[in-house]
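Pasted below: target.cif, mmCIF, C-alpha atoms.
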```cif
data_query
#
loop_
_atom_site.label_atom_id
_atom_site.label_comp_id
_atom_site.auth_asym_id
_atom_site.auth_seq_id
_atom_site.Cartn_x
_atom_site.Cartn_y
_atom_site.Cartn_z
CA MET U 1 85.61 158.68 129.94
CA ALA U 2 82.94 159.94 127.56
CA ALA U 3 80.28 158.49 129.86
CA HIS U 4 81.82 160.30 132.85
CA ARG U 5 81.76 163.66 131.05
CA ALA U 6 78.24 162.98 129.84
CA ARG U 7 76.95 162.35 133.36
CA ARG U 8 78.09 165.81 134.38
CA LEU U 9 76.76 167.55 131.28
CA ALA U 10 73.43 165.71 131.14
CA GLN U 11 72.24 167.49 134.28
CA VAL U 12 71.02 170.30 131.98
CA ASP U 13 68.17 169.98 129.48
CA ASP U 14 70.09 170.08 126.23
CA VAL U 15 73.74 169.98 125.17
CA ALA U 16 75.37 170.99 121.89
CA ASP U 17 78.24 168.66 120.90
CA LEU U 18 80.35 171.02 118.81
CA GLY U 19 82.50 169.25 116.25
CA CYS U 20 80.83 165.92 116.95
CA GLY U 21 82.85 163.89 114.43
CA ILE U 22 81.31 160.44 113.99
CA GLY U 23 79.34 160.76 117.21
CA GLY U 24 81.26 159.23 120.11
CA ASP U 25 80.44 161.96 122.64
CA THR U 26 77.01 162.55 121.11
CA ILE U 27 76.17 158.92 121.84
CA ALA U 28 77.46 159.19 125.41
CA LEU U 29 75.45 162.36 126.02
CA ALA U 30 72.26 160.90 124.58
CA GLY U 31 72.80 157.69 126.53
CA ALA U 32 73.08 159.75 129.73
CA GLY U 33 69.67 161.28 129.06
CA ALA U 34 70.53 164.60 127.43
CA GLN U 35 68.87 166.06 124.36
CA VAL U 36 71.80 166.67 122.01
CA ILE U 37 72.44 169.01 119.09
CA ALA U 38 75.26 167.38 117.14
CA VAL U 39 77.18 169.96 115.11
CA GLU U 40 79.78 169.12 112.44
CA ARG U 41 81.07 170.95 109.37
CA ASP U 42 82.08 167.77 107.48
CA PRO U 43 78.91 166.29 105.89
CA ILE U 44 80.43 162.81 105.68
CA ARG U 45 81.29 162.70 109.38
CA LEU U 46 77.87 164.11 110.18
CA ALA U 47 76.23 161.33 108.14
CA LEU U 48 78.30 158.74 110.01
CA ALA U 49 77.28 160.26 113.34
CA ARG U 50 73.64 160.13 112.32
CA PHE U 51 73.99 156.46 111.30
CA ASN U 52 75.74 155.52 114.57
CA VAL U 53 73.11 157.28 116.66
CA GLU U 54 70.24 155.63 114.79
CA VAL U 55 71.78 152.16 115.01
CA LEU U 56 71.92 152.51 118.79
CA GLY U 57 68.29 153.61 119.00
CA LEU U 58 69.10 157.13 120.24
CA GLY U 59 67.73 159.07 117.26
CA SER U 60 64.91 160.65 119.24
CA ARG U 61 67.45 162.37 121.52
CA VAL U 62 69.68 163.88 118.83
CA CYS U 63 69.26 166.46 116.10
CA PHE U 64 72.04 167.10 113.60
CA LEU U 65 73.32 170.40 112.28
CA GLU U 66 75.92 171.00 109.55
CA ARG U 67 77.74 174.19 110.51
CA ASP U 68 81.25 175.64 110.35
CA LEU U 69 81.86 176.88 113.88
CA LEU U 70 84.78 179.05 112.75
CA ARG U 71 82.32 181.18 110.76
CA ASP U 72 79.01 180.70 112.56
CA PRO U 73 78.10 180.74 116.26
CA PRO U 74 77.09 177.60 118.16
CA PRO U 75 73.38 176.79 118.30
CA SER U 76 71.34 177.78 121.32
CA ALA U 77 71.67 175.16 124.09
CA ALA U 78 71.85 175.04 127.87
CA ALA U 79 75.44 173.75 127.73
CA LEU U 80 78.17 173.33 125.13
CA PHE U 81 80.77 170.57 124.73
CA CYS U 82 83.77 170.66 122.41
CA ASP U 83 86.66 168.29 121.77
CA PRO U 84 88.84 170.39 119.43
CA ALA U 85 91.04 168.51 116.96
CA ARG U 86 94.62 168.36 118.20
CA ARG U 87 96.20 166.68 115.19
CA SER U 88 97.11 167.83 111.71
CA GLY U 89 97.52 164.66 109.68
CA GLU U 90 99.92 162.51 111.69
CA ARG U 91 101.35 165.50 113.58
CA ARG U 92 100.20 166.18 117.14
CA LEU U 93 99.41 169.83 117.89
CA PHE U 94 100.52 171.36 121.19
CA ASP U 95 99.81 175.07 120.71
CA PRO U 96 96.15 175.77 121.67
CA ASP U 97 95.99 178.35 118.88
CA ASP U 98 96.61 175.53 116.38
CA PHE U 99 93.66 173.42 117.57
CA GLN U 100 90.61 173.18 115.35
CA PRO U 101 88.77 175.20 116.47
CA PRO U 102 91.46 177.18 118.35
CA LEU U 103 91.01 177.05 122.12
CA SER U 104 90.65 180.83 122.34
CA HIS U 105 87.77 180.64 119.85
CA VAL U 106 86.10 177.84 121.82
CA LEU U 107 86.39 179.79 125.07
CA SER U 108 84.85 182.85 123.41
CA TRP U 109 81.55 180.96 123.19
CA ARG U 110 81.15 181.53 126.95
CA GLN U 111 79.97 185.06 126.16
CA HIS U 112 76.70 183.57 124.91
CA THR U 113 76.59 180.20 126.74
CA PRO U 114 78.54 180.23 130.04
CA ALA U 115 78.09 176.47 130.60
CA LEU U 116 80.94 175.04 128.53
CA ALA U 117 83.11 171.91 128.77
CA VAL U 118 86.26 171.47 126.66
CA LYS U 119 88.17 168.20 126.38
CA LEU U 120 91.96 168.60 126.05
CA ALA U 121 95.17 166.60 126.34
CA PRO U 122 96.37 166.17 129.95
CA GLY U 123 99.59 168.07 129.27
CA ILE U 124 97.73 171.33 128.65
CA GLN U 125 99.34 174.32 130.33
CA ARG U 126 97.44 175.66 133.33
CA SER U 127 97.98 179.19 132.02
CA VAL U 128 95.41 178.62 129.25
CA VAL U 129 92.69 177.66 131.74
CA PRO U 130 90.44 180.62 132.66
CA GLU U 131 90.88 181.65 136.27
CA ASP U 132 87.21 181.10 137.08
CA ALA U 133 87.08 177.65 135.44
CA GLU U 134 87.60 174.15 136.79
CA VAL U 135 90.27 171.90 135.32
CA GLU U 136 89.71 168.17 135.77
CA PHE U 137 92.41 165.58 135.09
CA VAL U 138 91.13 162.09 134.34
CA SER U 139 92.97 158.76 134.52
CA LEU U 140 91.78 155.36 133.37
CA ASN U 141 93.25 152.22 134.95
CA GLY U 142 96.12 154.29 136.34
CA ASN U 143 97.01 156.02 133.06
CA LEU U 144 96.49 159.76 132.69
CA LYS U 145 94.20 160.27 129.69
CA GLU U 146 92.71 163.75 129.45
CA ALA U 147 91.97 167.14 130.91
CA VAL U 148 88.58 168.82 130.83
CA ILE U 149 87.98 172.53 131.33
CA TRP U 150 84.58 173.17 132.94
CA CYS U 151 83.28 176.73 132.69
CA GLY U 152 80.44 178.73 134.16
CA PRO U 153 77.83 176.71 136.09
CA CYS U 154 79.63 173.49 135.04
CA ALA U 155 82.56 174.41 137.31
CA THR U 156 82.22 173.31 140.92
CA THR U 157 85.84 173.61 142.13
CA SER U 158 89.17 174.89 140.82
CA ARG U 159 91.02 171.57 140.38
CA ARG U 160 89.77 168.01 140.31
CA ALA U 161 91.33 164.55 139.90
CA THR U 162 89.05 161.78 138.67
CA VAL U 163 90.10 158.13 138.68
CA LEU U 164 88.18 155.69 136.49
CA ASP U 165 88.58 151.98 135.90
CA SER U 166 87.36 149.68 133.16
CA ASP U 167 84.65 148.26 135.44
CA GLY U 168 82.95 151.64 135.57
CA ALA U 169 84.07 152.67 139.07
CA MET U 170 84.69 156.39 139.52
CA SER U 171 86.37 158.30 142.33
CA THR U 172 87.00 162.03 142.43
CA MET U 173 89.02 164.40 144.59
CA ILE U 174 88.78 168.19 144.62
CA ALA U 175 91.08 170.97 145.71
CA ALA U 176 90.92 172.13 149.32
CA ALA U 177 92.91 174.48 151.50
CA THR U 178 95.17 171.68 152.73
CA PRO U 179 98.64 172.48 154.14
CA ALA U 180 101.66 170.70 152.73
CA PRO U 181 102.38 167.39 154.50
CA SER U 182 105.28 167.08 156.90
CA LEU U 183 108.52 165.46 155.75
CA ASN U 184 109.80 162.15 157.05
CA LEU U 185 112.22 159.34 156.35
CA PRO U 186 110.86 156.34 154.38
CA LEU U 187 108.33 154.33 156.36
CA ALA U 188 106.70 150.89 156.06
CA VAL U 189 104.58 151.82 153.02
CA LEU U 190 105.36 153.93 149.96
CA CYS U 191 102.27 155.38 148.24
CA GLU U 192 102.47 156.26 144.56
CA PRO U 193 99.70 158.79 143.80
CA ASP U 194 97.60 158.31 140.69
CA PRO U 195 98.87 160.56 137.88
CA ALA U 196 95.56 162.45 137.84
CA VAL U 197 96.16 163.44 141.48
CA ILE U 198 99.69 164.59 140.70
CA ARG U 199 98.71 166.53 137.58
CA ALA U 200 95.85 168.23 139.44
CA GLY U 201 98.23 169.31 142.21
CA LEU U 202 96.30 167.40 144.88
CA VAL U 203 99.12 165.48 146.55
CA ALA U 204 98.65 167.41 149.80
CA GLU U 205 94.94 166.54 149.83
CA LEU U 206 95.76 162.87 149.33
CA ALA U 207 98.41 162.96 152.06
CA HIS U 208 95.81 164.40 154.44
CA GLN U 209 93.40 161.56 153.62
CA LEU U 210 96.07 158.92 154.19
CA GLY U 211 97.82 160.49 157.16
CA ALA U 212 100.96 160.40 155.04
CA TYR U 213 104.26 162.27 154.84
CA GLN U 214 106.42 163.43 151.95
CA LEU U 215 110.09 162.67 151.41
CA ALA U 216 110.77 166.18 150.06
CA PRO U 217 108.55 169.16 149.25
CA ASP U 218 108.72 168.65 145.47
CA ILE U 219 108.50 164.84 145.45
CA ALA U 220 105.03 163.33 144.92
CA TYR U 221 105.73 159.96 146.58
CA LEU U 222 104.04 159.63 149.97
CA ILE U 223 105.07 157.45 152.89
CA THR U 224 102.94 156.01 155.67
CA HIS U 225 103.14 153.59 158.59
CA THR U 226 100.23 151.51 157.25
CA ALA U 227 98.39 151.11 153.97
CA LEU U 228 94.88 152.56 153.80
CA PRO U 229 92.59 151.55 150.92
CA THR U 230 92.32 154.34 148.36
CA PRO U 231 91.63 154.52 144.63
CA PHE U 232 93.93 157.53 144.40
CA ALA U 233 97.26 155.79 145.04
CA ARG U 234 99.06 152.48 144.72
CA ALA U 235 100.73 151.24 147.89
CA TRP U 236 104.03 149.37 147.99
CA PRO U 237 105.47 147.60 151.08
CA THR U 238 108.92 148.97 151.86
CA ILE U 239 111.72 146.46 152.42
CA THR U 240 114.57 148.91 152.99
CA TRP U 241 116.07 152.13 151.70
CA MET U 242 119.51 153.65 151.28
CA PRO U 243 121.28 156.78 150.06
CA PHE U 244 121.75 156.12 146.38
CA GLN U 245 124.99 154.43 145.43
CA LEU U 246 124.83 152.14 142.42
CA LYS U 247 127.33 149.47 143.47
CA ARG U 248 125.77 149.17 146.90
CA LEU U 249 122.26 149.03 145.40
CA CYS U 250 123.27 146.20 143.03
CA ALA U 251 124.71 144.22 145.93
CA LEU U 252 121.65 144.82 148.09
CA VAL U 253 119.11 143.60 145.54
CA ARG U 254 121.18 140.44 145.05
CA GLU U 255 121.12 139.85 148.81
CA LEU U 256 117.32 140.26 148.65
CA ASP U 257 117.05 137.39 146.11
CA ALA U 258 115.99 139.69 143.27
CA GLY U 259 114.42 138.26 140.17
CA VAL U 260 112.55 140.81 138.06
CA VAL U 261 113.28 144.35 139.23
CA THR U 262 111.06 147.27 138.20
CA VAL U 263 112.51 150.75 138.54
CA LYS U 264 110.40 153.87 139.03
CA LYS U 265 111.65 157.39 139.61
CA ARG U 266 110.82 160.93 140.64
CA GLY U 267 113.59 163.50 140.82
CA SER U 268 116.23 161.18 139.33
CA PRO U 269 117.99 161.58 135.95
CA LEU U 270 118.76 157.87 135.54
CA ASP U 271 117.29 155.70 132.79
CA THR U 272 114.84 153.34 134.49
CA ASP U 273 114.80 150.64 131.79
CA SER U 274 118.58 150.38 131.67
CA LEU U 275 118.88 150.24 135.45
CA ALA U 276 116.09 147.64 135.71
CA ARG U 277 118.03 145.34 133.37
CA GLN U 278 121.17 145.88 135.41
CA LEU U 279 119.48 145.13 138.74
CA SER U 280 117.34 142.15 137.68
CA GLY U 281 118.71 138.75 138.65
CA SER U 282 117.89 135.06 138.81
CA GLY U 283 116.25 135.12 142.23
CA GLN U 284 112.65 134.57 143.28
CA ARG U 285 111.50 138.02 144.44
CA HIS U 286 109.91 140.67 142.27
CA LEU U 287 111.24 143.96 143.61
CA VAL U 288 110.35 147.57 142.83
CA VAL U 289 113.10 150.16 143.25
CA PHE U 290 112.07 153.80 143.60
CA LEU U 291 114.74 156.36 142.76
CA THR U 292 113.91 159.67 144.36
CA GLN U 293 115.17 162.54 146.48
CA MET U 294 115.26 163.67 150.07
CA PRO U 295 116.42 167.15 151.10
CA ASP U 296 119.96 165.87 151.71
CA GLY U 297 120.33 163.92 148.48
CA PRO U 298 119.20 161.04 146.23
CA ILE U 299 117.94 157.79 147.72
CA ALA U 300 116.71 154.39 146.58
CA ILE U 301 113.71 152.74 148.26
CA ILE U 302 113.38 149.01 147.70
CA CYS U 303 109.83 147.67 147.85
CA SER U 304 108.19 144.30 147.38
CA ALA U 305 105.77 143.80 144.50
CA ASP U 306 103.95 141.21 146.63
CA ARG U 307 100.89 142.77 148.29
CA SER U 308 100.96 140.05 150.97
CA ASP U 309 103.94 141.91 152.45
CA MET U 310 101.76 144.98 153.05
CA VAL U 311 101.45 146.50 156.50
CA THR U 312 97.76 147.33 157.09
#
```

Do you think you could lay out the structure here as structure tokens?
Amino acid sequence: MAAHRARRLAQVDDVADLGCGIGGDTIALAGAGAQVIAVERDPIRLALARFNVEVLGLGSRVCFLERDLLRDPPPSAAALFCDPARRSGERRLFDPDDFQPPLSHVLSWRQHTPALAVKLAPGIQRSVVPEDAEVEFVSLNGNLKEAVIWCGPCATTSRRATVLDSDGAMSTMIAAATPAPSLNLPLAVLCEPDPAVIRAGLVAELAHQLGAYQLAPDIAYLITHTALPTPFARAWPTITWMPFQLKRLCALVRELDAGVVTVKKRGSPLDTDSLARQLSGSGQRHLVVFLTQMPDGPIAIICSADRSDMVT
């Protein structure tokens, strides 16, 4: 994830890593080819950053500056990067005004250096993102990891979803003026969008790419006749579906020779772990049950976990 951010930032001549800690992002930026000014108020962390940079042979690309950014302005650079601390001891901080430095203080640096990137937790409220900035949500191996606010010339769209995997592959999707997909009954394939796509509000864009439908306007699951390869969603072959009724669902999964049953949900109040234990049996098939909603009520969609059942 640091390498992905660094590739975007390294397109300028020099970048100031503000609050560099022990140098993780400084190393990524220098490795991507940027000249880096590493700024830290803690002299011990700054010394560790210097050691880490030197060990990796990147010393010629980095200069170090001890500075308290709550009192003094950032150094002059073409672009700024900041990953504000979001913990106080063992306690996680959720209010942007409690970050160190506070998010409002970080965003004030745009007055002098418009090109600014700020790393945040993915649950950050959209209301704190400047209207003219880009917010990017990033997932790694299907798990939502972070949000990044890109300001000034760093911003190239309003919303972006980026999907990374451990092998270094990267795929990105940006906001477009895409109408909401049509609604339909469950079809042969259920598509589960990557959480970065959902958090970025790009389900309609993904549906357009896949030729997919929604079950209900506020439900992020997509349904299609066939599975199209995409890094932005996981596809599940549909076996059957039914209006939700627990006794009937239990009987149906037994008829389907259920062994391990995984339960996923959107728009359902039920506890997935408890229901998975209740539905799992001694059979041979690994099933995935999706609890969700259609406009006329709750439903359960039963899918196979075996990709060989996929309609392509």

Restricting the calculation to all atoms listed in the file, which member of U:Ile223, U:Ala121, U:Leu65, U:Leu270 is positioned closest to Leu183 of chain U? U:Ile223

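Matched in the shown structure by the PyMOL selection byres ((chain U and resi 222) around 10): Pro181, Leu183, Asn184, Pro186, Leu187, Val189, Leu190, Cys191, Glu192, Pro193, Val203, Ala204, Leu206, Ala207, Leu210, Gly211, Ala212, Tyr213, Gln214, Leu215, Ala216, Ile219, Ala220, Tyr221, Ile223, Thr224, Ala233 and Ala235 of chain U.
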
List as a Markdown table every residue of segment 68-185 of chain U that is in contact with segment 11-20 of chain U, defined as an atom at most 9 Å from one of its atoms (using all atoms listed in the file), together with the nearest atom pair and the distance in Å rounded to one decimal, sorted by chain and then rising number.
```
| residue | atom | partner | partner_atom | distance |
| --- | --- | --- | --- | --- |
| U:Asp68 | CA | U:Gly19 | CA | 8.8 |
| U:Leu69 | CA | U:Leu18 | CA | 7.8 |
| U:Pro74 | CA | U:Leu18 | CA | 7.4 |
| U:Pro75 | CA | U:Ala16 | CA | 7.1 |
| U:Ser76 | CA | U:Ala16 | CA | 7.9 |
| U:Ala77 | CA | U:Val15 | CA | 5.7 |
| U:Ala78 | CA | U:Asp14 | CA | 5.5 |
| U:Ala79 | CA | U:Val15 | CA | 4.9 |
| U:Leu80 | CA | U:Ala16 | CA | 4.9 |
| U:Phe81 | CA | U:Asp17 | CA | 5.0 |
| U:Cys82 | CA | U:Leu18 | CA | 5.0 |
| U:Asp83 | CA | U:Gly19 | CA | 7.0 |
| U:Pro84 | CA | U:Gly19 | CA | 7.2 |
| U:Ala85 | CA | U:Gly19 | CA | 8.6 |
| U:Pro101 | CA | U:Gly19 | CA | 8.6 |
```

Please measure the separation of atom CA of Gln100 of chain U and atom CA of Glu136 of chain U, giving the value in Å to one decimal.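 Computing it gives 21.0 Å between the two atoms.
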
Can you translate the PyMOL selection byres ((chain U and resi 250-257) around 9) into the concrete residues it hits in this file, as JSON, numbers by chain? {"U": [245, 246, 247, 248, 249, 258, 259, 261, 278, 279, 280, 281, 282, 283, 284, 285, 286, 287, 302]}

Between U:Asp218, U:Glu146, U:Asp194, U:Asp165, which residue has the minimum interatomic distance to Ala180 of chain U, considering only C-alpha atoms? U:Asp218

May I have the residues at most 10 Å from (70.5, 158.1, 115.9) in the file's coordinates, counting only C-alpha atoms, as a PDB file with C-alpha atoms, in the frame of the given file?
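File written: selection-v8.pdb
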```pdb
ATOM      1  CA  GLY U  23      79.340 160.760 117.210  1.00  0.00           C
ATOM      2  CA  THR U  26      77.010 162.550 121.110  1.00  0.00           C
ATOM      3  CA  ILE U  27      76.170 158.920 121.840  1.00  0.00           C
ATOM      4  CA  ALA U  30      72.260 160.900 124.580  1.00  0.00           C
ATOM      5  CA  LEU U  48      78.300 158.740 110.010  1.00  0.00           C
ATOM      6  CA  ALA U  49      77.280 160.260 113.340  1.00  0.00           C
ATOM      7  CA  ARG U  50      73.640 160.130 112.320  1.00  0.00           C
ATOM      8  CA  PHE U  51      73.990 156.460 111.300  1.00  0.00           C
ATOM      9  CA  ASN U  52      75.740 155.520 114.570  1.00  0.00           C
ATOM     10  CA  VAL U  53      73.110 157.280 116.660  1.00  0.00           C
ATOM     11  CA  GLU U  54      70.240 155.630 114.790  1.00  0.00           C
ATOM     12  CA  VAL U  55      71.780 152.160 115.010  1.00  0.00           C
ATOM     13  CA  LEU U  56      71.920 152.510 118.790  1.00  0.00           C
ATOM     14  CA  GLY U  57      68.290 153.610 119.000  1.00  0.00           C
ATOM     15  CA  LEU U  58      69.100 157.130 120.240  1.00  0.00           C
ATOM     16  CA  GLY U  59      67.730 159.070 117.260  1.00  0.00           C
ATOM     17  CA  SER U  60      64.910 160.650 119.240  1.00  0.00           C
ATOM     18  CA  ARG U  61      67.450 162.370 121.520  1.00  0.00           C
ATOM     19  CA  VAL U  62      69.680 163.880 118.830  1.00  0.00           C
ATOM     20  CA  CYS U  63      69.260 166.460 116.100  1.00  0.00           C
ATOM     21  CA  PHE U  64      72.040 167.100 113.600  1.00  0.00           C
TER      22      PHE U  64
END
```

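Taking atom CA of Ser139 of chain U as the reference point, atom CA of Pro295 of chain U is found at 29.9 Å.
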
Could you expand the PyMOL selection byres ((chain U and resi 241) around 9) into the explicit residues it covers here, written as a PyMOL selection string? chain U and resi 186+238-240+242-244+299-303

Go ahead and save the residues from that selection, with C-alpha atoms, as a PDB file, keeping the file's coordinate frame.
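Result file is again-v7.pdb:
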```pdb
ATOM      1  CA  PRO U 186     110.860 156.340 154.380  1.00  0.00           C
ATOM      2  CA  THR U 238     108.920 148.970 151.860  1.00  0.00           C
ATOM      3  CA  ILE U 239     111.720 146.460 152.420  1.00  0.00           C
ATOM      4  CA  THR U 240     114.570 148.910 152.990  1.00  0.00           C
ATOM      5  CA  MET U 242     119.510 153.650 151.280  1.00  0.00           C
ATOM      6  CA  PRO U 243     121.280 156.780 150.060  1.00  0.00           C
ATOM      7  CA  PHE U 244     121.750 156.120 146.380  1.00  0.00           C
ATOM      8  CA  ILE U 299     117.940 157.790 147.720  1.00  0.00           C
ATOM      9  CA  ALA U 300     116.710 154.390 146.580  1.00  0.00           C
ATOM     10  CA  ILE U 301     113.710 152.740 148.260  1.00  0.00           C
ATOM     11  CA  ILE U 302     113.380 149.010 147.700  1.00  0.00           C
ATOM     12  CA  CYS U 303     109.830 147.670 147.850  1.00  0.00           C
TER      13      CYS U 303
END
```

Between atom CA of Met1 of chain U and atom CA of Val138 of chain U, what is the distance in Å, rounded to a tenth? 7.8 Å

Each side padded by 4 Å, which centre and which edge lengths in Å (one decimal) define the axis-aligned box around the listed atoms of segment 49-60 of chain U? Give them as JSON.
```
{"center_x": 71.1, "center_y": 156.4, "center_z": 115.8, "size_x": 20.4, "size_y": 16.5, "size_z": 16.9}
```

As a PyMOL selection string, please: the residues near Arg277 of chain U (cut-off 10 Å, all atoms listed in the file, same-chain neighbours under 4 positions excluded). chain U and resi 260-263+272-273+281

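In terms of minimum interatomic distance to Met294 of chain U, U:Pro217 ranks closest within U:Pro237, U:Pro122, U:Pro269, U:Pro217, counting only C-alpha atoms.
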
Would you please work out which residue, of U:Leu93, U:Cys154, U:Ile198, U:Leu140, is nearest to Asp167 of chain U when using all atoms listed in the file? U:Leu140

Could you add whatever atoms are missing so that segment 134-142 of chain U carries all heavy atoms, then write the result as a PDB file, in the frame of the given file?
```
ATOM      1  N   GLU U 134      87.085 175.367 136.156  1.00  0.00           N
ATOM      2  CA  GLU U 134      87.600 174.150 136.790  1.00  0.00           C
ATOM      3  C   GLU U 134      88.390 173.356 135.768  1.00  0.00           C
ATOM      4  O   GLU U 134      87.957 173.220 134.621  1.00  0.00           O
ATOM      5  CB  GLU U 134      86.427 173.291 137.305  1.00  0.00           C
ATOM      6  CG  GLU U 134      86.837 171.899 137.776  1.00  0.00           C
ATOM      7  CD  GLU U 134      85.642 171.010 138.061  1.00  0.00           C
ATOM      8  OE1 GLU U 134      84.548 171.549 138.381  1.00  0.00           O
ATOM      9  OE2 GLU U 134      85.776 169.775 137.953  1.00  0.00           O
ATOM     10  N   VAL U 135      89.544 172.821 136.177  1.00  0.00           N
ATOM     11  CA  VAL U 135      90.270 171.900 135.320  1.00  0.00           C
ATOM     12  C   VAL U 135      90.268 170.526 135.996  1.00  0.00           C
ATOM     13  O   VAL U 135      90.610 170.399 137.171  1.00  0.00           O
ATOM     14  CB  VAL U 135      91.704 172.381 135.004  1.00  0.00           C
ATOM     15  CG1 VAL U 135      92.532 172.584 136.257  1.00  0.00           C
ATOM     16  CG2 VAL U 135      92.399 171.409 134.052  1.00  0.00           C
ATOM     17  N   GLU U 136      89.805 169.544 135.264  1.00  0.00           N
ATOM     18  CA  GLU U 136      89.710 168.170 135.770  1.00  0.00           C
ATOM     19  C   GLU U 136      90.677 167.295 134.986  1.00  0.00           C
ATOM     20  O   GLU U 136      90.676 167.293 133.752  1.00  0.00           O
ATOM     21  CB  GLU U 136      88.283 167.647 135.586  1.00  0.00           C
ATOM     22  CG  GLU U 136      88.109 166.189 136.019  1.00  0.00           C
ATOM     23  CD  GLU U 136      86.720 165.647 135.726  1.00  0.00           C
ATOM     24  OE1 GLU U 136      86.073 166.137 134.772  1.00  0.00           O
ATOM     25  OE2 GLU U 136      86.273 164.743 136.444  1.00  0.00           O
ATOM     26  N   PHE U 137      91.507 166.538 135.717  1.00  0.00           N
ATOM     27  CA  PHE U 137      92.410 165.580 135.090  1.00  0.00           C
ATOM     28  C   PHE U 137      91.862 164.182 135.344  1.00  0.00           C
ATOM     29  O   PHE U 137      91.496 163.847 136.475  1.00  0.00           O
ATOM     30  CB  PHE U 137      93.822 165.733 135.642  1.00  0.00           C
ATOM     31  CG  PHE U 137      94.453 167.050 135.271  1.00  0.00           C
ATOM     32  CD1 PHE U 137      94.386 168.133 136.136  1.00  0.00           C
ATOM     33  CD2 PHE U 137      95.070 167.217 134.044  1.00  0.00           C
ATOM     34  CE1 PHE U 137      94.940 169.356 135.785  1.00  0.00           C
ATOM     35  CE2 PHE U 137      95.624 168.439 133.684  1.00  0.00           C
ATOM     36  CZ  PHE U 137      95.565 169.506 134.549  1.00  0.00           C
ATOM     37  N   VAL U 138      91.808 163.386 134.286  1.00  0.00           N
ATOM     38  CA  VAL U 138      91.130 162.090 134.340  1.00  0.00           C
ATOM     39  C   VAL U 138      92.119 160.990 133.977  1.00  0.00           C
ATOM     40  O   VAL U 138      92.813 161.071 132.952  1.00  0.00           O
ATOM     41  CB  VAL U 138      89.935 162.055 133.368  1.00  0.00           C
ATOM     42  CG1 VAL U 138      89.191 160.724 133.495  1.00  0.00           C
ATOM     43  CG2 VAL U 138      88.982 163.216 133.641  1.00  0.00           C
ATOM     44  N   SER U 139      92.166 159.944 134.823  1.00  0.00           N
ATOM     45  CA  SER U 139      92.970 158.760 134.520  1.00  0.00           C
ATOM     46  C   SER U 139      92.052 157.563 134.356  1.00  0.00           C
ATOM     47  O   SER U 139      90.958 157.515 134.925  1.00  0.00           O
ATOM     48  CB  SER U 139      94.000 158.493 135.620  1.00  0.00           C
ATOM     49  OG  SER U 139      93.368 158.052 136.809  1.00  0.00           O
ATOM     50  N   LEU U 140      92.501 156.605 133.578  1.00  0.00           N
ATOM     51  CA  LEU U 140      91.780 155.360 133.370  1.00  0.00           C
ATOM     52  C   LEU U 140      92.741 154.214 133.618  1.00  0.00           C
ATOM     53  O   LEU U 140      93.783 154.128 132.967  1.00  0.00           O
ATOM     54  CB  LEU U 140      91.212 155.281 131.954  1.00  0.00           C
ATOM     55  CG  LEU U 140      90.504 153.978 131.566  1.00  0.00           C
ATOM     56  CD1 LEU U 140      89.254 153.774 132.412  1.00  0.00           C
ATOM     57  CD2 LEU U 140      90.155 153.980 130.085  1.00  0.00           C
ATOM     58  N   ASN U 141      92.401 153.359 134.593  1.00  0.00           N
ATOM     59  CA  ASN U 141      93.250 152.220 134.950  1.00  0.00           C
ATOM     60  C   ASN U 141      94.685 152.666 135.259  1.00  0.00           C
ATOM     61  O   ASN U 141      95.657 152.003 134.890  1.00  0.00           O
ATOM     62  CB  ASN U 141      93.263 151.179 133.836  1.00  0.00           C
ATOM     63  CG  ASN U 141      91.900 150.573 133.597  1.00  0.00           C
ATOM     64  OD1 ASN U 141      91.104 150.432 134.524  1.00  0.00           O
ATOM     65  ND2 ASN U 141      91.606 150.207 132.358  1.00  0.00           N
ATOM     66  N   GLY U 142      94.814 153.815 135.911  1.00  0.00           N
ATOM     67  CA  GLY U 142      96.120 154.290 136.340  1.00  0.00           C
ATOM     68  C   GLY U 142      96.901 155.056 135.298  1.00  0.00           C
ATOM     69  O   GLY U 142      98.030 155.483 135.571  1.00  0.00           O
TER      70      GLY U 142
END
```
